[in-house]
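**Q** This is the structure I want to talk about, given as structure tokens.
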Amino acid sequence: MRALATRLVLTGVLSASLGAQAAPPAAGIQSPESAFGFRMGADRELADWPGLQRYFETIAAASDRVEIVDAGPTTEGRRLIAAIVSSPENMARLEQIRANAIRLADPRTLSEAEALAIAERQPVIVALGMSIHATEIGATQAAPELLHTLATSQDPEVMRSLDGVVLILFPSLNPDGHVITVDWYRQWKGTEFEGSGMPWLYHKYVGHDINRDAFMMNMAENRSLADFFYRRWHPQVFLSMHQMGPRGARFFVPPNLDPIDRNYDPLVWRTAGLLGHAMALSLEQDGRSGVLQNALYDYYWPGYEDSAPIGHNTVTLLTEAASVRVASPITVLPEQLSGGRGFPDHSPSTTFPNPWPGGEWRLRDIVDYDLSAARGLLGGAARYREDLVRNFYRMGRRQVELGRQGGPFAFIIPPGQFDPHAARKLEQLLIDGAVEVRRSLEPFRIAETVYPDGTDIILMAQPFRAYAKTLLERQVYPVRRLAPGAQVDRPYDVAGWTLPLQMNVKVDRIDQYFEPPATTRLDRAVIAPARVWGETRKPSFYLIDGRGNGASLAINRLQKAGARVSWLASALAVQGHTYETGALVVTESTGVRQTVDAVARDLGLRVTAVTGRPPQDARPLGAARIALYKPWVESIDEGWTRWLLEQYEFPFATITDADIRRGGLRARFDAIVLPDVTAERLIAGHPAGTMPPEYVSGIGGDGTDRLRQFVAEGGTLVALDSASAFAVNLLAAPVTDVTSGLSPAEYFCPGSVIKLELDSDPLTYGVPGETAGFCAFNSAFDVVTASPSTPGAAASTARIVGRYARSGVLLSGWLEGERVIAGRGAMVEVKSGQGRAILFGFRPQHRGQSHATFRLFFNALHTAR
């Protein structure tokens, strides 16, 4: 492969950078090889983040084609930078170009004639994002070479591209992860562990899921990117460069595989195909074999960094290059090559006309493929510049027109939500996604329903209608089978995500036209402050609304302030208001009132100050000492769980395999949380010899015994999703998973929203009796009669606290085999010795999205002491 590459007569961007004479103003610009001391993509060499940032800034200082912008902070406070690259003439009027793009994004602000006049002179804005998955590092290494070429080349093709395109080049969409990846690779380079995976995530919290957070925007990187894209620049095209497994195709370019989200304008898919073919053509012209299209990846789910912008009428594109061992070369034999989804083998076809024969594969190969794809994209965008700009405006106009027609005409978010904390989050993520949310200034009627003033309205006659609609409506996944009775084609990610359901926020869909009331546009979602009612001069105790996730924040803040907090064990009517079971009872003491006032004001929870004796049956809540297990096997779920505990202000410690094996757990902790990790990986961890010794072997038999002892001595073990199987075996619990061993024909739930039914119990306080959870091939439990011969069985009992609905389980997405899980346990409490385990058959904290079930997880911790 390398010998062939050196014989190729390269064209376009790369050849221009090597062969054309630079313009005089750019004569002093260092090449990447000179600046870094090695050619980009050289074996076992990586450009680190400080060097990349410094190089981009140096180029910008020396070139009239480049300017550096700051898109915002990362999670760890680094800068998410981008280079704006175009011709000097375009750079001189850059602010006008940017302002025009913002105007074109909202067709209500200008006429079609005005839009077409702008399109005649407006370059197309193309954003190019590198390596959001930091270990997929090839694109980040290609970025300096691409920037140098665009800043210095006089090649006619490059100049045409610069005239027609304003490029926004992000050298990394995950700088924090880039630092982590480069540090680990360099630490072990030249050893037996060179190029090995890391024992932790390539992001502080979410690792690979950093590009599954685009609509929730829990992570700083995604908030920064959304603000930059939707409010500051609004590119018409966005390409995100990734990598994939090493044994399939060498490179993927659009079109993507079906299904598509039908809310989006067909122009998106046609243009993606056009520009994908432009990239494929460029790759083929440059002699890059193994390029694949129409396979592997779909754009059904809107949560990727490169799918959320589609709902904003940006044509988004994905490329995937075959990986190496970070920067270390690999060899792939012909017999090791394999296919994938929509790509059965390596035979030539219209979507894969030039298979790669196998051989050596290097980081430089990835750099070369990425540069060829970038050349094709920029050339294609320049050639179709005016069409791309015009169509960007037209897609927004069509969305406005569709919204005026109704079906739906609007979504309504009434005030007085069960969980104001979750409602605020939903509205804020919509606002951050540039969706218009308007607040009514007067009551209004729709059919027989009267909505009060303060109701929030999302009218669909807005340019980003498709984005709002796909987040708020219920999904019915378009199930695909190649033939009747054939195995189903599962989605690349999930099948359902409806946010009002996942977050337990009441949102009414209004299909028919109504006359909107007087409104004002919201630029920030806030929780309406509540007040302290009742006898506020000399109260004996306070009653606080205990519903929703905000109540967990209240508990943690009150306990941090030293307050004594209990749960109300039965409903209590006080001064005309009834506080339900699970409301908070807070004893008055020095300094408590200030925290209570803040809880009412900041969390919107109703509070009543009461004189007299507090309810005697109230259940006291201790401040549990919590530990979260962090395996050395990379666990995204651990990262999400850690993030969630921090957001809701739970004090906790992180423990690793050695901490568990050391024992003495009960003396230090009341609750230990096991994230979604299989029993095998939890116990065995990485095999010896695959990682440095301190990161192998899992908790082992000793750690298993220590966890069993922890429960026997009164501790609470909280097991999430697949960790539940470990807990069942650990405690010989009389519980079986009825989904175990079933085929896809019998049970199939590839990431969907399902209905849960909850018993009235302290573990379910603050959650409605019916709520929604997220299910992705999750467990469903039966409690069985334990056999006396089962070791330890007599010491364990179990009860179902929450179950999958007895009927109508699926709320959004795709579920086959409903009868298998209907009425079965989704949340089980197992008593063993003096302690217990709380088993979740699903992830109640899924990707920081499923606010409707956060509280179930929190209650397992609140009740641990």
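A note on labels: chains of the structure tokens are A, B, ... as shown, every chain counts residues from 1, and ligands are counted from 1 in their shown order.
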Check which residues of stretch 449-537 of chain A sit at most 6 Å from stretch 809-832 of chain A using only C-alpha atoms, and return one row each with the closest pair of atoms and their distance in Å to one decimal, ordered by chain and rising number, as a Markdown table.

**A**
| residue | atom | partner | partner_atom | distance |
| --- | --- | --- | --- | --- |
| A:Arg474 | CA | A:Ser812 | CA | 5.2 |
| A:Gln475 | CA | A:Ser812 | CA | 5.0 |
| A:Val476 | CA | A:Gly813 | CA | 5.1 |
| A:Tyr477 | CA | A:Gly813 | CA | 5.2 |
| A:Ala495 | CA | A:Gly813 | CA | 4.6 |
| A:Gly496 | CA | A:Gly813 | CA | 3.8 |

**Q** At a cut-off of 12 Å, using only C-alpha atoms, what residues contact A:Pro517? Leave out same-chain residues fewer than 5 positions from it and give the result as a list in words.

**A** Arg438, Arg439, Ser440, Leu441, Glu442, Pro443, Phe444, Arg445, Ile446, Val450, Tyr451, Pro452, Asp453, Gly454, Thr455, Asp456, Ile457 and Leu459 of chain A

**Q** Using only C-alpha atoms, which residues of stretch 156-223 of chain A come within 9 Å of stretch 676-700 of chain A, and what is the closest atom pair for each, with the distance in Å to one decimal? Give it as JSON lines, sorted by chain and residue number.

**A**
{"residue": "A:Glu192", "atom": "CA", "partner": "A:Gly689", "partner_atom": "CA", "distance": 8.4}
{"residue": "A:Phe193", "atom": "CA", "partner": "A:Met691", "partner_atom": "CA", "distance": 6.2}
{"residue": "A:Ser196", "atom": "CA", "partner": "A:Met691", "partner_atom": "CA", "distance": 7.0}
{"residue": "A:Gly197", "atom": "CA", "partner": "A:Met691", "partner_atom": "CA", "distance": 7.9}
{"residue": "A:Met198", "atom": "CA", "partner": "A:Met691", "partner_atom": "CA", "distance": 8.2}
{"residue": "A:Pro199", "atom": "CA", "partner": "A:Tyr695", "partner_atom": "CA", "distance": 6.6}

**Q** I want to know what sits within 6 Å of A:Val124, based on only C-alpha atoms, with residues of the same chain fewer than 6 positions away left out; could you give that as a ChimeraX atom specification?

**A** /A:165,385,389

**Q** Store the residues picked out above, limited to all heavy atoms, as an mmCIF file, in the first residue's frame.

**A**
data_model
loop_
_atom_site.group_PDB
_atom_site.id
_atom_site.type_symbol
_atom_site.label_atom_id
_atom_site.label_comp_id
_atom_site.auth_asym_id
_atom_site.auth_seq_id
_atom_site.Cartn_x
_atom_site.Cartn_y
_atom_site.Cartn_z
ATOM 1 N N VAL A 165 -15.683 29.188 -1.180
ATOM 2 C CA VAL A 165 -15.953 28.569 0.116
ATOM 3 C C VAL A 165 -15.309 29.387 1.227
ATOM 4 O O VAL A 165 -14.176 29.864 1.091
ATOM 5 C CB VAL A 165 -15.397 27.130 0.157
ATOM 6 C CG1 VAL A 165 -15.542 26.522 1.551
ATOM 7 C CG2 VAL A 165 -16.090 26.251 -0.883
ATOM 8 N N ARG A 385 -21.693 26.226 -5.305
ATOM 9 C CA ARG A 385 -21.802 27.260 -4.279
ATOM 10 C C ARG A 385 -23.185 27.916 -4.248
ATOM 11 O O ARG A 385 -23.855 27.945 -3.210
ATOM 12 C CB ARG A 385 -20.735 28.338 -4.538
ATOM 13 C CG ARG A 385 -20.823 29.555 -3.624
ATOM 14 C CD ARG A 385 -20.061 30.735 -4.191
ATOM 15 N NE ARG A 385 -20.575 31.191 -5.470
ATOM 16 C CZ ARG A 385 -21.662 31.939 -5.631
ATOM 17 N NH1 ARG A 385 -22.361 32.323 -4.573
ATOM 18 N NH2 ARG A 385 -22.073 32.304 -6.834
ATOM 19 N N VAL A 389 -26.153 27.683 -1.268
ATOM 20 C CA VAL A 389 -26.616 28.853 -0.516
ATOM 21 C C VAL A 389 -28.111 29.056 -0.714
ATOM 22 O O VAL A 389 -28.863 29.297 0.244
ATOM 23 C CB VAL A 389 -25.816 30.097 -0.922
ATOM 24 C CG1 VAL A 389 -26.376 31.343 -0.228
ATOM 25 C CG2 VAL A 389 -24.336 29.921 -0.573
#

**Q** Can you list every residue in stretch 253-445 of chain A that DSSP puts in strand (DSSP E), as a ChimeraX atom specification?

**A** /A:257-260,291-292,298-299,315-322,330-332,359-361,410-413,438-440,444-445

**Q** Do a neighbour search on A:Val315 at 7 Å with only C-alpha atoms, toss out local chain neighbours closer than 3 positions, and write the hits as a PyMOL selection string.

**A** chain A and resi 236-238+268+271-272+310

**Q** Keeping C-alpha atoms for every residue in the selection just given, could you write it to a file as an mmCIF file, in the first residue's frame?

**A**
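Result saved to again.cif:
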data_model
loop_
_atom_site.group_PDB
_atom_site.id
_atom_site.type_symbol
_atom_site.label_atom_id
_atom_site.label_comp_id
_atom_site.auth_asym_id
_atom_site.auth_seq_id
_atom_site.Cartn_x
_atom_site.Cartn_y
_atom_site.Cartn_z
ATOM 1 C CA GLN A 236 -24.501 25.374 5.135
ATOM 2 C CA VAL A 237 -22.351 22.205 5.106
ATOM 3 C CA PHE A 238 -20.683 20.331 7.972
ATOM 4 C CA VAL A 268 -30.450 17.489 2.653
ATOM 5 C CA THR A 271 -26.969 17.330 -1.394
ATOM 6 C CA ALA A 272 -25.265 14.879 0.933
ATOM 7 C CA ILE A 310 -29.581 18.548 9.830
#

**Q** Need the shell around stretch 581-594 of chain A: protein/DNA/RNA residues with any atom at most 7 Å away, counting only C-alpha atoms. Skip same-chain ones fewer than 4 positions apart. Format as a PyMOL selection string?

**A** chain A and resi 539-546+561+563-571+598+765-766

**Q** Which residue, A:Asp345, A:Asp721, A:Asp705, A:Asp523, has the smallest gap to A:Glu638 when you use only C-alpha atoms?

**A**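 Under the stated criterion, the closest residue is A:Asp721.
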
**Q** Enumerate, as a VMD selection string, the complete set of residues in stretch 390-446 of chain A that a backbone-based DSSP assignment places in helix (DSSP H, G or I).

**A** chain A and resid 390 to 405 420 to 432

**Q** Could you save those same residues with N, CA and C atoms as an mmCIF file, in the first residue's frame?

**A**
data_model
loop_
_atom_site.group_PDB
_atom_site.id
_atom_site.type_symbol
_atom_site.label_atom_id
_atom_site.label_comp_id
_atom_site.auth_asym_id
_atom_site.auth_seq_id
_atom_site.Cartn_x
_atom_site.Cartn_y
_atom_site.Cartn_z
ATOM 1 N N ARG A 390 -28.560 28.974 -1.972
ATOM 2 C CA ARG A 390 -29.997 29.140 -2.239
ATOM 3 C C ARG A 390 -30.824 28.079 -1.526
ATOM 4 N N ASN A 391 -30.359 26.833 -1.588
ATOM 5 C CA ASN A 391 -31.127 25.742 -0.993
ATOM 6 C C ASN A 391 -31.168 25.833 0.534
ATOM 7 N N PHE A 392 -30.130 26.367 1.120
ATOM 8 C CA PHE A 392 -30.128 26.603 2.564
ATOM 9 C C PHE A 392 -31.300 27.513 2.938
ATOM 10 N N TYR A 393 -31.473 28.582 2.213
ATOM 11 C CA TYR A 393 -32.608 29.475 2.433
ATOM 12 C C TYR A 393 -33.927 28.755 2.148
ATOM 13 N N ARG A 394 -33.979 28.017 1.054
ATOM 14 C CA ARG A 394 -35.235 27.368 0.666
ATOM 15 C C ARG A 394 -35.668 26.311 1.665
ATOM 16 N N MET A 395 -34.724 25.578 2.225
ATOM 17 C CA MET A 395 -35.096 24.571 3.227
ATOM 18 C C MET A 395 -35.731 25.226 4.444
ATOM 19 N N GLY A 396 -35.175 26.346 4.890
ATOM 20 C CA GLY A 396 -35.781 27.051 6.015
ATOM 21 C C GLY A 396 -37.158 27.569 5.687
ATOM 22 N N ARG A 397 -37.330 28.088 4.463
ATOM 23 C CA ARG A 397 -38.646 28.594 4.059
ATOM 24 C C ARG A 397 -39.675 27.473 4.001
ATOM 25 N N ARG A 398 -39.265 26.322 3.479
ATOM 26 C CA ARG A 398 -40.200 25.184 3.420
ATOM 27 C C ARG A 398 -40.631 24.767 4.818
ATOM 28 N N GLN A 399 -39.708 24.786 5.787
ATOM 29 C CA GLN A 399 -40.070 24.407 7.144
ATOM 30 C C GLN A 399 -41.089 25.366 7.732
ATOM 31 N N VAL A 400 -40.915 26.650 7.477
ATOM 32 C CA VAL A 400 -41.889 27.625 7.960
ATOM 33 C C VAL A 400 -43.254 27.359 7.342
ATOM 34 N N GLU A 401 -43.273 27.100 6.041
ATOM 35 C CA GLU A 401 -44.545 26.841 5.354
ATOM 36 C C GLU A 401 -45.218 25.574 5.879
ATOM 37 N N LEU A 402 -44.435 24.527 6.117
ATOM 38 C CA LEU A 402 -45.007 23.298 6.670
ATOM 39 C C LEU A 402 -45.606 23.548 8.047
ATOM 40 N N GLY A 403 -44.929 24.354 8.841
ATOM 41 C CA GLY A 403 -45.442 24.657 10.172
ATOM 42 C C GLY A 403 -46.753 25.403 10.135
ATOM 43 N N ARG A 404 -46.914 26.285 9.185
ATOM 44 C CA ARG A 404 -48.178 27.024 9.057
ATOM 45 C C ARG A 404 -49.331 26.115 8.679
ATOM 46 N N GLN A 405 -49.016 25.019 7.983
ATOM 47 C CA GLN A 405 -50.060 24.092 7.555
ATOM 48 C C GLN A 405 -50.580 23.223 8.696
ATOM 49 N N PRO A 420 -40.405 20.774 37.780
ATOM 50 C CA PRO A 420 -39.983 22.007 37.119
ATOM 51 C C PRO A 420 -38.513 22.000 36.728
ATOM 52 N N HIS A 421 -37.694 21.241 37.442
ATOM 53 C CA HIS A 421 -36.270 21.153 37.119
ATOM 54 C C HIS A 421 -36.078 20.513 35.744
ATOM 55 N N ALA A 422 -36.797 19.421 35.463
ATOM 56 C CA ALA A 422 -36.702 18.764 34.158
ATOM 57 C C ALA A 422 -37.327 19.626 33.064
ATOM 58 N N ALA A 423 -38.438 20.305 33.377
ATOM 59 C CA ALA A 423 -39.082 21.164 32.377
ATOM 60 C C ALA A 423 -38.150 22.294 31.967
ATOM 61 N N ARG A 424 -37.442 22.872 32.937
ATOM 62 C CA ARG A 424 -36.492 23.930 32.600
ATOM 63 C C ARG A 424 -35.397 23.399 31.682
ATOM 64 N N LYS A 425 -34.881 22.194 31.989
ATOM 65 C CA LYS A 425 -33.829 21.612 31.153
ATOM 66 C C LYS A 425 -34.329 21.395 29.727
ATOM 67 N N LEU A 426 -35.548 20.878 29.564
ATOM 68 C CA LEU A 426 -36.085 20.649 28.219
ATOM 69 C C LEU A 426 -36.177 21.961 27.456
ATOM 70 N N GLU A 427 -36.718 22.978 28.089
ATOM 71 C CA GLU A 427 -36.861 24.250 27.373
ATOM 72 C C GLU A 427 -35.501 24.867 27.068
ATOM 73 N N GLN A 428 -34.547 24.721 27.969
ATOM 74 C CA GLN A 428 -33.244 25.314 27.724
ATOM 75 C C GLN A 428 -32.523 24.626 26.575
ATOM 76 N N LEU A 429 -32.628 23.296 26.491
ATOM 77 C CA LEU A 429 -31.944 22.625 25.381
ATOM 78 C C LEU A 429 -32.596 22.979 24.047
ATOM 79 N N LEU A 430 -33.893 23.245 24.051
ATOM 80 C CA LEU A 430 -34.538 23.718 22.823
ATOM 81 C C LEU A 430 -34.051 25.121 22.465
ATOM 82 N N ILE A 431 -33.968 25.992 23.457
ATOM 83 C CA ILE A 431 -33.494 27.358 23.213
ATOM 84 C C ILE A 431 -32.046 27.332 22.747
ATOM 85 N N ASP A 432 -31.213 26.528 23.396
ATOM 86 C CA ASP A 432 -29.813 26.424 22.984
ATOM 87 C C ASP A 432 -29.681 25.846 21.586
#

**Q** Quick check, in Å to one decimal: how far apart do atom CA of A:Gln30 and atom CA of A:Ala83 lie?

**A**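 Spanning atom CA of A:Gln30 to atom CA of A:Ala83 is a straight-line distance of 16.4 Å.
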
**Q** Using only C-alpha atoms, which protein or nucleic acid residues come within 9 Å of A:Ala434? Drop anything in the same chain fewer than 4 positions from it, and give the result as a PyMOL selection string.

**A** chain A and resi 226-227+230-231+312+429-430+464

**Q** How about saving the chosen residues, C-alpha atoms kept, as a JSON list (two decimals), in the first residue's frame?

**A**
[["chain", "number", "residue", "atom", "x", "y", "z"],
["A", 226, "ALA", "CA", -24.33, 24.52, 19.02],
["A", 227, "ASP", "CA", -23.87, 28.17, 19.92],
["A", 230, "TYR", "CA", -26.76, 28.03, 15.24],
["A", 231, "ARG", "CA", -26.17, 31.58, 16.46],
["A", 312, "HIS", "CA", -31.14, 23.32, 11.21],
["A", 429, "LEU", "CA", -31.94, 22.63, 25.38],
["A", 430, "LEU", "CA", -34.54, 23.72, 22.82],
["A", 464, "PHE", "CA", -35.82, 24.80, 12.55]]

**Q** Tell me which of A:Ala410, A:Ile510, A:Ile168, A:Ala732 sits closest to A:Ala795, counting only C-alpha atoms.

**A**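 Nearest candidate to A:Ala795 out of A:Ala410, A:Ile510, A:Ile168, A:Ala732: A:Ala732.
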
**Q** Counting only C-alpha atoms, figure out which residue out of A:Met503, A:Leu471, A:Met241, A:Ile125 gets nearest to A:Ala381.

**A** A:Ile125
